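Structure below is work_28.cif: mmCIF, C-alpha atoms.
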```
data_data
loop_
_atom_site.label_atom_id
_atom_site.label_comp_id
_atom_site.auth_asym_id
_atom_site.auth_seq_id
_atom_site.Cartn_x
_atom_site.Cartn_y
_atom_site.Cartn_z
CA MET A 1 22.02 -40.80 2.26
CA MET A 2 22.21 -41.30 -1.46
CA SER A 3 20.19 -38.18 -2.25
CA TRP A 4 22.29 -36.11 0.09
CA LEU A 5 25.43 -37.33 -1.68
CA ALA A 6 23.85 -36.53 -5.02
CA VAL A 7 23.05 -32.98 -3.95
CA TRP A 8 26.54 -32.48 -2.67
CA LEU A 9 28.11 -33.78 -5.88
CA GLN A 10 25.75 -31.65 -7.91
CA GLN A 11 26.86 -28.60 -6.04
CA ILE A 12 30.51 -29.34 -6.52
CA ILE A 13 30.03 -29.96 -10.23
CA ALA A 14 28.07 -26.75 -10.61
CA VAL A 15 30.68 -24.70 -8.83
CA VAL A 16 33.50 -26.21 -10.84
CA LEU A 17 31.59 -25.48 -14.01
CA LEU A 18 31.06 -21.93 -12.87
CA ALA A 19 34.76 -21.57 -12.19
CA GLY A 20 35.48 -22.85 -15.67
CA PHE A 21 33.09 -20.34 -17.14
CA ILE A 22 34.65 -17.42 -15.41
CA ASP A 23 38.09 -18.59 -16.40
CA LEU A 24 36.86 -18.43 -19.96
CA LEU A 25 35.17 -15.10 -19.53
CA LEU A 26 38.14 -13.40 -17.97
CA PRO A 27 39.89 -10.86 -20.14
CA ASN A 28 43.57 -11.34 -19.44
CA LYS A 29 46.19 -13.35 -17.69
CA SER A 30 47.07 -11.04 -14.88
CA MET A 31 43.53 -11.05 -13.54
CA GLN A 32 43.25 -14.77 -13.89
CA ARG A 33 45.49 -15.61 -10.96
CA TYR A 34 43.38 -13.57 -8.58
CA VAL A 35 40.12 -14.86 -9.89
CA ARG A 36 41.37 -18.40 -9.68
CA LEU A 37 42.17 -17.90 -6.04
CA VAL A 38 38.62 -16.80 -5.31
CA ALA A 39 37.12 -19.53 -7.45
CA GLY A 40 39.30 -22.07 -5.69
CA LEU A 41 38.13 -20.81 -2.34
CA ILE A 42 34.53 -21.15 -3.39
CA ILE A 43 35.11 -24.68 -4.63
CA LEU A 44 36.84 -25.50 -1.37
CA LEU A 45 33.93 -24.13 0.60
CA THR A 46 31.48 -26.19 -1.45
CA ILE A 47 33.47 -29.34 -0.89
CA LEU A 48 33.68 -28.62 2.80
CA THR A 49 29.97 -27.92 3.10
CA PRO A 50 29.02 -31.23 4.75
CA ILE A 51 31.79 -30.95 7.31
CA ILE A 52 30.95 -27.36 8.10
CA ARG A 53 27.31 -28.21 8.42
CA LEU A 54 28.18 -31.07 10.72
CA LEU A 55 30.28 -28.82 12.91
CA GLN A 56 28.57 -25.50 12.90
CA GLY A 57 25.02 -25.96 11.74
CA ASP A 58 23.80 -23.66 9.02
CA PHE A 59 26.78 -21.74 7.82
CA ASN A 60 25.10 -20.18 4.82
CA ALA A 61 23.33 -17.74 7.05
CA ARG A 62 26.59 -16.87 8.69
CA LEU A 63 28.30 -16.40 5.37
CA ASP A 64 25.48 -14.14 4.27
CA GLN A 65 25.70 -12.22 7.46
CA GLN A 66 29.44 -11.86 7.19
CA VAL A 67 29.26 -10.61 3.64
CA GLU A 68 26.55 -8.23 4.69
CA SER A 69 28.55 -6.85 7.58
CA TRP A 70 31.66 -6.65 5.45
CA ILE A 71 29.92 -4.65 2.76
CA LYS A 72 28.22 -2.50 5.34
CA GLY A 73 31.47 -1.91 7.17
CA ASN A 74 33.09 -0.94 3.92
CA SER A 75 30.46 1.52 2.95
CA GLY A 76 30.35 2.70 6.51
CA THR A 77 33.98 3.71 6.49
CA GLN A 78 33.49 5.40 3.18
CA TYR A 79 30.53 7.22 4.49
CA HIS A 80 32.34 8.40 7.56
CA MET A 81 34.89 10.30 5.57
CA PRO A 82 33.15 13.64 5.58
CA THR A 83 33.35 15.79 2.53
CA LEU A 84 33.74 19.51 2.67
CA ASP A 85 30.05 19.89 2.01
CA ASP A 86 29.22 17.67 4.94
CA ILE A 87 31.39 19.72 7.21
CA LYS A 88 29.84 22.91 5.98
CA GLN A 89 26.40 21.45 6.45
CA ASN A 90 27.32 20.41 9.96
CA ALA A 91 28.62 23.86 10.74
CA LYS A 92 25.44 25.40 9.44
CA ASP A 93 23.32 23.08 11.51
CA LEU A 94 25.31 23.82 14.63
CA GLN A 95 25.12 27.51 14.00
CA GLN A 96 21.40 27.31 13.54
CA LYS A 97 21.02 25.38 16.73
CA GLN A 98 23.11 27.87 18.59
CA GLN A 99 21.20 30.76 17.16
CA SER A 100 17.86 29.29 17.97
CA ALA A 101 19.04 28.63 21.51
CA ALA A 102 20.24 32.19 21.77
CA VAL A 103 16.97 33.51 20.43
CA GLU A 104 15.06 31.38 22.87
CA LEU A 105 17.13 32.71 25.71
CA THR A 106 16.63 36.25 24.52
CA GLU A 107 12.92 35.73 24.28
CA GLN A 108 12.87 34.34 27.79
CA LYS A 109 14.86 37.18 29.24
CA LEU A 110 12.83 39.77 27.40
CA ALA A 111 9.63 38.19 28.58
CA GLU A 112 10.87 38.15 32.13
CA SER A 113 11.93 41.75 32.12
CA MET A 114 8.72 42.78 30.37
CA LYS A 115 6.72 40.95 32.97
CA GLU A 116 8.57 42.70 35.70
CA GLY A 117 8.17 46.03 33.93
CA ILE A 118 4.46 45.59 33.53
CA VAL A 119 4.07 44.57 37.14
CA GLN A 120 6.05 47.56 38.24
CA GLY A 121 4.61 49.99 35.76
CA THR A 122 0.93 49.18 36.02
CA GLY A 123 0.56 47.12 39.10
CA LEU A 124 -1.27 44.43 37.21
CA ARG A 125 -0.67 40.80 37.88
CA VAL A 126 0.83 39.13 34.90
CA ALA A 127 0.51 35.41 34.37
CA ALA A 128 2.87 35.13 31.44
CA VAL A 129 4.54 37.14 28.78
CA GLN A 130 5.49 35.55 25.51
CA VAL A 131 7.85 37.28 23.20
CA LYS A 132 8.30 36.29 19.60
CA LEU A 133 11.37 37.51 17.81
CA GLY A 134 11.55 37.98 14.10
CA PHE A 135 14.54 36.88 12.05
CA ASN A 136 16.46 38.48 9.32
CA LYS A 137 17.92 36.61 6.39
CA ASP A 138 20.89 35.25 8.30
CA GLY A 139 18.63 33.75 10.88
CA GLN A 140 19.60 36.27 13.48
CA ALA A 141 17.07 37.80 15.77
CA GLU A 142 16.20 41.17 14.42
CA ALA A 143 13.12 42.62 15.98
CA VAL A 144 10.30 41.80 18.27
CA GLU A 145 7.53 40.44 16.17
CA GLY A 146 4.90 39.95 18.74
CA VAL A 147 4.27 40.09 22.42
CA THR A 148 1.52 38.20 24.10
CA VAL A 149 0.74 39.32 27.59
CA THR A 150 -1.50 37.18 29.68
CA LEU A 151 -2.92 39.06 32.60
CA ILE A 152 -4.40 37.46 35.60
CA SER A 153 -7.74 39.07 36.06
CA PRO A 154 -7.48 40.57 39.43
CA SER A 155 -9.95 39.23 41.88
CA PRO A 156 -11.53 41.86 43.95
CA SER A 157 -9.84 40.58 47.07
CA PRO A 158 -7.63 43.07 48.82
CA ASP A 159 -4.71 40.64 48.60
CA ALA A 160 -4.19 41.28 44.96
CA SER A 161 -4.00 44.98 45.13
CA GLU A 162 -1.66 44.80 48.03
CA GLU A 163 0.53 42.38 46.28
CA SER A 164 0.71 44.40 43.12
CA SER A 165 1.16 47.83 44.46
CA GLY A 166 2.74 47.02 47.75
CA PRO A 167 6.40 46.33 47.29
CA GLU A 168 7.23 48.63 44.45
CA GLN A 169 5.66 51.95 43.86
CA LYS A 170 7.00 53.73 40.91
CA PRO A 171 4.26 55.37 38.96
CA GLY A 172 1.74 55.37 41.67
CA ASP A 173 -1.08 57.36 40.11
CA ASP A 174 -1.47 55.20 37.07
CA VAL A 175 -1.78 52.13 39.16
CA LYS A 176 -4.72 53.35 41.11
CA GLU A 177 -6.67 54.37 38.07
CA ILE A 178 -6.22 51.18 36.23
CA ASP A 179 -7.04 49.12 39.20
CA SER A 180 -10.31 50.76 39.59
CA VAL A 181 -11.23 50.31 35.96
CA GLU A 182 -10.45 46.70 36.06
CA VAL A 183 -12.54 45.99 39.01
CA ILE A 184 -15.56 47.35 37.30
CA VAL A 185 -15.26 45.40 34.14
CA GLN A 186 -14.20 42.23 35.78
CA PRO A 187 -17.41 40.52 36.76
CA ASP A 188 -18.98 40.76 33.30
CA ASP A 189 -16.61 38.46 31.56
CA MET A 190 -15.66 36.22 34.36
CA PRO A 191 -18.22 33.48 34.62
CA GLY A 192 -17.43 30.01 33.35
CA ASP A 193 -13.92 30.63 32.24
CA GLU A 194 -11.17 28.20 32.95
CA PRO A 195 -7.56 29.03 32.53
CA GLY A 196 -6.88 25.87 30.55
CA ASP A 197 -9.18 26.17 27.58
CA SER A 198 -8.65 29.69 26.45
CA GLU A 199 -8.99 28.51 22.87
CA LYS A 200 -12.63 27.61 23.06
CA THR A 201 -14.04 30.22 25.27
CA PRO A 202 -13.68 33.64 23.79
CA GLU A 203 -10.77 35.55 25.19
CA GLN A 204 -11.72 37.70 28.01
CA THR A 205 -11.66 41.19 26.79
CA VAL A 206 -9.25 43.30 28.64
CA PRO A 207 -10.42 46.75 29.54
CA ASP A 208 -9.07 49.35 27.21
CA ALA A 209 -7.39 51.34 29.89
CA VAL A 210 -5.49 48.31 31.11
CA ALA A 211 -4.45 47.39 27.63
CA GLN A 212 -3.33 50.92 26.96
CA ALA A 213 -1.31 50.97 30.15
CA VAL A 214 0.40 47.71 29.37
CA LYS A 215 1.10 48.78 25.82
CA GLY A 216 2.45 52.06 27.08
CA VAL A 217 4.85 50.33 29.41
CA LEU A 218 6.04 48.02 26.70
CA GLN A 219 6.37 50.81 24.20
CA GLN A 220 8.34 52.97 26.54
CA GLY A 221 10.55 50.29 27.92
CA TRP A 222 11.18 48.18 24.85
CA SER A 223 9.80 50.27 22.03
CA VAL A 224 7.44 47.60 20.88
CA ALA A 225 4.84 48.82 18.45
CA PRO A 226 1.41 48.69 20.04
CA GLY A 227 0.03 46.75 17.12
CA LEU A 228 2.28 43.84 17.93
CA ILE A 229 1.09 43.52 21.46
CA ASP A 230 -1.61 41.06 22.21
CA ILE A 231 -3.15 41.20 25.64
CA LYS A 232 -5.23 38.46 27.07
CA ALA A 233 -6.78 38.05 30.41
CA GLN A 234 -6.80 34.84 32.26
CA GLY A 235 -9.39 34.06 34.86
CA GLU A 236 -8.09 32.75 38.10
CA ALA A 237 -9.14 29.35 39.25
CA GLY A 238 -10.93 30.87 42.16
CA ASP A 239 -12.81 33.26 39.92
CA SER A 240 -14.19 30.67 37.63
CA ALA A 241 -16.10 29.19 40.49
CA TYR A 242 -18.79 31.80 40.32
CA MET B 243 26.61 -12.34 -38.16
CA GLU B 244 27.33 -9.77 -35.59
CA ILE B 245 30.93 -10.77 -35.43
CA ILE B 246 31.36 -9.61 -39.02
CA GLN B 247 29.95 -6.22 -38.13
CA ILE B 248 32.19 -5.89 -35.14
CA VAL B 249 35.29 -6.98 -37.01
CA GLY B 250 34.40 -4.65 -39.85
CA LEU B 251 33.99 -1.78 -37.48
CA GLY B 252 37.31 -2.63 -35.90
CA LEU B 253 39.08 -2.75 -39.24
CA VAL B 254 37.62 0.54 -40.41
CA ALA B 255 38.50 2.18 -37.13
CA THR B 256 42.04 0.83 -37.36
CA VAL B 257 42.56 2.21 -40.84
CA LEU B 258 41.14 5.55 -39.81
CA VAL B 259 43.33 5.66 -36.76
CA LEU B 260 46.40 4.91 -38.84
CA VAL B 261 45.50 7.67 -41.26
CA VAL B 262 44.68 10.25 -38.66
CA ARG B 263 47.59 9.49 -36.39
CA GLU B 264 50.01 11.24 -38.72
CA GLN B 265 48.14 14.53 -38.48
CA LYS B 266 46.41 14.51 -35.12
CA PRO B 267 47.44 11.90 -32.57
CA MET B 268 44.78 13.17 -30.20
CA PHE B 269 41.93 12.33 -32.56
CA ALA B 270 43.45 8.97 -33.27
CA PHE B 271 43.34 8.15 -29.60
CA LEU B 272 39.76 9.36 -29.25
CA LEU B 273 38.70 7.30 -32.23
CA ALA B 274 40.32 4.21 -30.80
CA ALA B 275 38.80 4.78 -27.37
CA PHE B 276 35.29 5.26 -28.73
CA THR B 277 35.55 2.25 -30.98
CA GLY B 278 36.54 0.19 -28.00
CA LEU B 279 33.72 1.63 -25.93
CA PHE B 280 31.21 0.92 -28.64
CA ILE B 281 32.25 -2.69 -29.04
CA PHE B 282 32.29 -3.14 -25.29
CA LEU B 283 28.77 -1.81 -24.87
CA TYR B 284 27.56 -3.75 -27.88
CA VAL B 285 28.77 -7.03 -26.49
CA ILE B 286 27.97 -6.38 -22.85
CA GLY B 287 24.30 -6.84 -23.68
CA LYS B 288 25.00 -10.33 -24.98
CA ILE B 289 26.69 -11.31 -21.75
CA GLU B 290 23.25 -11.27 -20.17
CA ALA B 291 22.46 -14.58 -21.85
CA VAL B 292 25.54 -16.15 -20.31
CA ILE B 293 24.65 -14.80 -16.91
CA THR B 294 21.14 -16.16 -17.19
CA VAL B 295 22.52 -19.60 -17.96
CA LEU B 296 24.85 -19.36 -14.98
CA GLU B 297 21.98 -18.35 -12.73
CA GLN B 298 19.90 -21.28 -13.90
CA LEU B 299 22.80 -23.59 -13.26
CA ALA B 300 23.24 -22.21 -9.77
CA ASP B 301 19.54 -22.46 -9.08
CA ARG B 302 19.25 -26.02 -10.18
CA SER B 303 22.28 -27.29 -8.34
CA GLY B 304 21.34 -25.44 -5.19
CA ILE B 305 24.62 -23.71 -4.57
CA PRO B 306 24.24 -20.68 -2.35
CA SER B 307 23.38 -17.55 -4.26
CA ILE B 308 26.20 -15.73 -2.50
CA TYR B 309 28.72 -17.72 -4.54
CA LEU B 310 27.15 -16.74 -7.81
CA LYS B 311 26.93 -13.12 -6.73
CA THR B 312 30.59 -13.12 -5.79
CA ILE B 313 31.60 -14.72 -9.05
CA LEU B 314 29.57 -12.32 -11.15
CA LYS B 315 31.00 -9.38 -9.31
CA ILE B 316 34.48 -10.70 -9.94
CA ILE B 317 33.79 -11.01 -13.65
CA GLY B 318 32.40 -7.49 -13.77
CA ILE B 319 35.32 -6.00 -11.93
CA ALA B 320 37.82 -7.85 -14.09
CA TYR B 321 36.20 -6.72 -17.31
CA ILE B 322 35.76 -3.11 -16.37
CA ALA B 323 39.26 -2.77 -14.97
CA GLU B 324 40.71 -4.46 -18.03
CA PHE B 325 38.77 -2.25 -20.40
CA GLY B 326 39.76 0.93 -18.64
CA SER B 327 43.39 -0.02 -18.36
CA GLN B 328 43.55 -0.90 -22.06
CA ILE B 329 42.17 2.46 -23.09
CA VAL B 330 44.64 4.22 -20.84
CA ARG B 331 47.43 2.05 -22.17
CA ASP B 332 46.45 3.02 -25.71
CA ALA B 333 47.04 6.60 -24.72
CA GLY B 334 50.51 5.65 -23.65
CA GLN B 335 50.04 5.94 -19.91
CA GLU B 336 51.38 2.59 -18.91
CA SER B 337 51.72 3.46 -15.25
CA ILE B 338 48.11 4.60 -14.83
CA ALA B 339 46.94 1.48 -16.61
CA SER B 340 48.84 -0.72 -14.22
CA LYS B 341 47.33 1.19 -11.30
CA ILE B 342 43.85 0.52 -12.63
CA GLU B 343 44.65 -3.15 -12.90
CA PHE B 344 46.02 -3.10 -9.40
CA ALA B 345 42.79 -1.59 -8.11
CA GLY B 346 40.82 -4.28 -9.91
CA LYS B 347 42.90 -7.01 -8.31
CA ILE B 348 42.49 -5.52 -4.86
CA LEU B 349 38.73 -5.30 -5.28
CA ILE B 350 38.59 -8.90 -6.42
CA LEU B 351 40.53 -9.98 -3.35
CA VAL B 352 38.25 -7.92 -1.13
CA LEU B 353 35.33 -9.95 -2.43
CA ALA B 354 37.08 -13.08 -1.23
CA VAL B 355 37.46 -11.88 2.34
CA PRO B 356 34.16 -13.22 3.73
CA ILE B 357 34.78 -16.60 2.13
CA ILE B 358 38.30 -16.75 3.51
CA SER B 359 37.13 -15.83 6.97
CA VAL B 360 34.47 -18.53 6.96
CA ILE B 361 37.00 -21.12 5.86
CA VAL B 362 39.48 -20.04 8.49
CA GLU B 363 36.84 -20.15 11.20
CA THR B 364 35.80 -23.61 10.10
CA VAL B 365 39.34 -24.91 10.12
CA LEU B 366 39.96 -23.39 13.54
CA GLY B 367 36.75 -24.98 14.79
CA LEU B 368 37.88 -28.28 13.30
CA LEU B 369 41.01 -28.34 15.41
CA PRO B 370 40.43 -29.43 18.98
CA VAL B 371 43.06 -26.99 20.20
CA GLY B 372 41.49 -24.06 18.50
CA SER B 373 38.10 -24.48 20.08
#
```

What do you get writing this file as structure tokens?
Amino acid sequence: MMSWLAVWLQQIIAVVLLAGFIDLLLPNKSMQRYVRLVAGLIILLTILTPIIRLLQGDFNARLDQQVESWIKGNSGTQYHMPTLDDIKQNAKDLQQKQQSAAVELTEQKLAESMKEGIVQGTGLRVAAVQVKLGFNKDGQAEAVEGVTVTLISPSPSPDASEESSGPEQKPGDDVKEIDSVEVIVQPDDMPGDEPGDSEKTPEQTVPDAVAQAVKGVLQQGWSVAPGLIDIKAQGEAGDSAY
Amino acid sequence: MEIIQIVGLGLVATVLVLVVREQKPMFAFLLAAFTGLFIFLYVIGKIEAVITVLEQLADRSGIPSIYLKTILKIIGIAYIAEFGSQIVRDAGQESIASKIEFAGKILILVLAVPIISVIVETVLGLLPVGS
């Protein structure tokens, strides 16, 4: 009991001394009234400490927390006032996002139409077409930078040929030729290839004629330079069995 | 004997200001402002000793550090606002000087807000009606 009283008194004395110090340190009269108010509040709080502790437990933590939140709230409101630069930055970000979305959409559409074109033009079965667009300085899509065509290696089953050449028959002659070439080359590269790990196993080489046909279609339809076109073949799951 | 140096500097600056003011009021003001700045910066380093003593006092008596922080911030705000307003007042802009002082007072009161809110909460909790 005695020690507790001593600590309390010590605190009060220290705070009063502090208040005296700052009264001395203060530059002029007009500030003094305000500072005295704050100092008085602090002294009051120190004197009340035992009562507060009795009523509300540890109030120091709460005071800390309150100060913290007050300061944070203050800086938060300051931070939320956006400067012109912030707004510009935001606009740029949004624009970039929009552009990248647009480019993505374009790539998708291009890929789709290319896929369709290849299917129609050559009668090959296409697993996927990936289009990569290049950008100019403003971040706008400028030109096709690369096309990756993944062909499904046609299995020799009659289904495939029917499927490919059946519904649409535009350039009929080409289709036949290419088909035949494919079939010959097919078995050489097939064994032990899974569609998933195309990284490890060497890419199946696509017969030249097929590649030429695909490139021709793409060059005619979309004027993509042949050098930018990358053609891969993908073994079908059924094929990899043997 | 630093006080002699400072006073000497002040006297020399005053004489110079009085001389120059006749010809170029602008330079007189600049001279006064820089003299003030120099003295301020010269002495602000010494304040560190006082602050150290205050910190030791706070440590030993176990008062919460938040009090000391608040008090030191108040002193800093008061000094800086006072210094700035005096320089501006020297230049003859009484109204701007009073605005600076006003800002200083507001910032000091802002520092008191958490303390006030804790006290108010305590008092409200003290009253049976309030709880």

Please measure the separation of atom CA of B:Val360 and atom CA of B:Gly346, giving the value in Å to one decimal. 23.0 Å

On this file, the PyMOL selection byres ((chain A) within 9 of (chain B)) gives some set of residues; write that set as a VMD selection string. chain A and resid 7 to 8 10 to 15 18 to 19 21 to 22 25 to 28 30 to 32 34 to 35 37 to 39 41 to 42 44 to 46 48 51 to 52 55 to 56 59 to 60 62 to 64 66 to 67 70

One-decimal distance in Å that lies between atom CA of A:Thr106 and atom CA of A:Val210: 26.0 Å

What separation in Å, quoted to one decimal, exists between atom CA of A:Lys215 and atom CA of A:Gly146? 11.9 Å

Report as a ChimeraX atom specification all protein, DNA and RNA residues lying within 9 Å of stretch 258-271 of chain B, evaluated on all atoms listed in the file, omitting residues in the same chain fewer than 3 positions from it. /B:253-255,274-276,329,332-333

Can you list what the PyMOL selection byres ((chain A and resi 107) around 8) grabs from this structure, as a PyMOL selection string? chain A and resi 103-106+108-111+130-133

Please enumerate the residues selected by the PyMOL selection byres ((chain A and resi 230) around 9) when evaluated against the supplied file, formatted as a ChimeraX atom specification. /A:146-150,211,215,226-229,231-232

Restricting it to C-alpha atoms, dump the selection as an mmCIF file, in the coordinates of the input.
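File produced: selection_3.cif:
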```cif
data_model
loop_
_atom_site.group_PDB
_atom_site.id
_atom_site.type_symbol
_atom_site.label_atom_id
_atom_site.label_comp_id
_atom_site.auth_asym_id
_atom_site.auth_seq_id
_atom_site.Cartn_x
_atom_site.Cartn_y
_atom_site.Cartn_z
ATOM 1 C CA GLY A 146 4.900 39.950 18.740
ATOM 2 C CA VAL A 147 4.270 40.090 22.420
ATOM 3 C CA THR A 148 1.520 38.200 24.100
ATOM 4 C CA VAL A 149 0.740 39.320 27.590
ATOM 5 C CA THR A 150 -1.500 37.180 29.680
ATOM 6 C CA ALA A 211 -4.450 47.390 27.630
ATOM 7 C CA LYS A 215 1.100 48.780 25.820
ATOM 8 C CA PRO A 226 1.410 48.690 20.040
ATOM 9 C CA GLY A 227 0.030 46.750 17.120
ATOM 10 C CA LEU A 228 2.280 43.840 17.930
ATOM 11 C CA ILE A 229 1.090 43.520 21.460
ATOM 12 C CA ILE A 231 -3.150 41.200 25.640
ATOM 13 C CA LYS A 232 -5.230 38.460 27.070
#
```

Determine the nearest neighbour of B:Ala345 from the options B:Gly326, B:Met243, B:Gly278, B:Arg331, counting only C-alpha atoms.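 Among the listed residues, B:Gly326 lies closest to B:Ala345.
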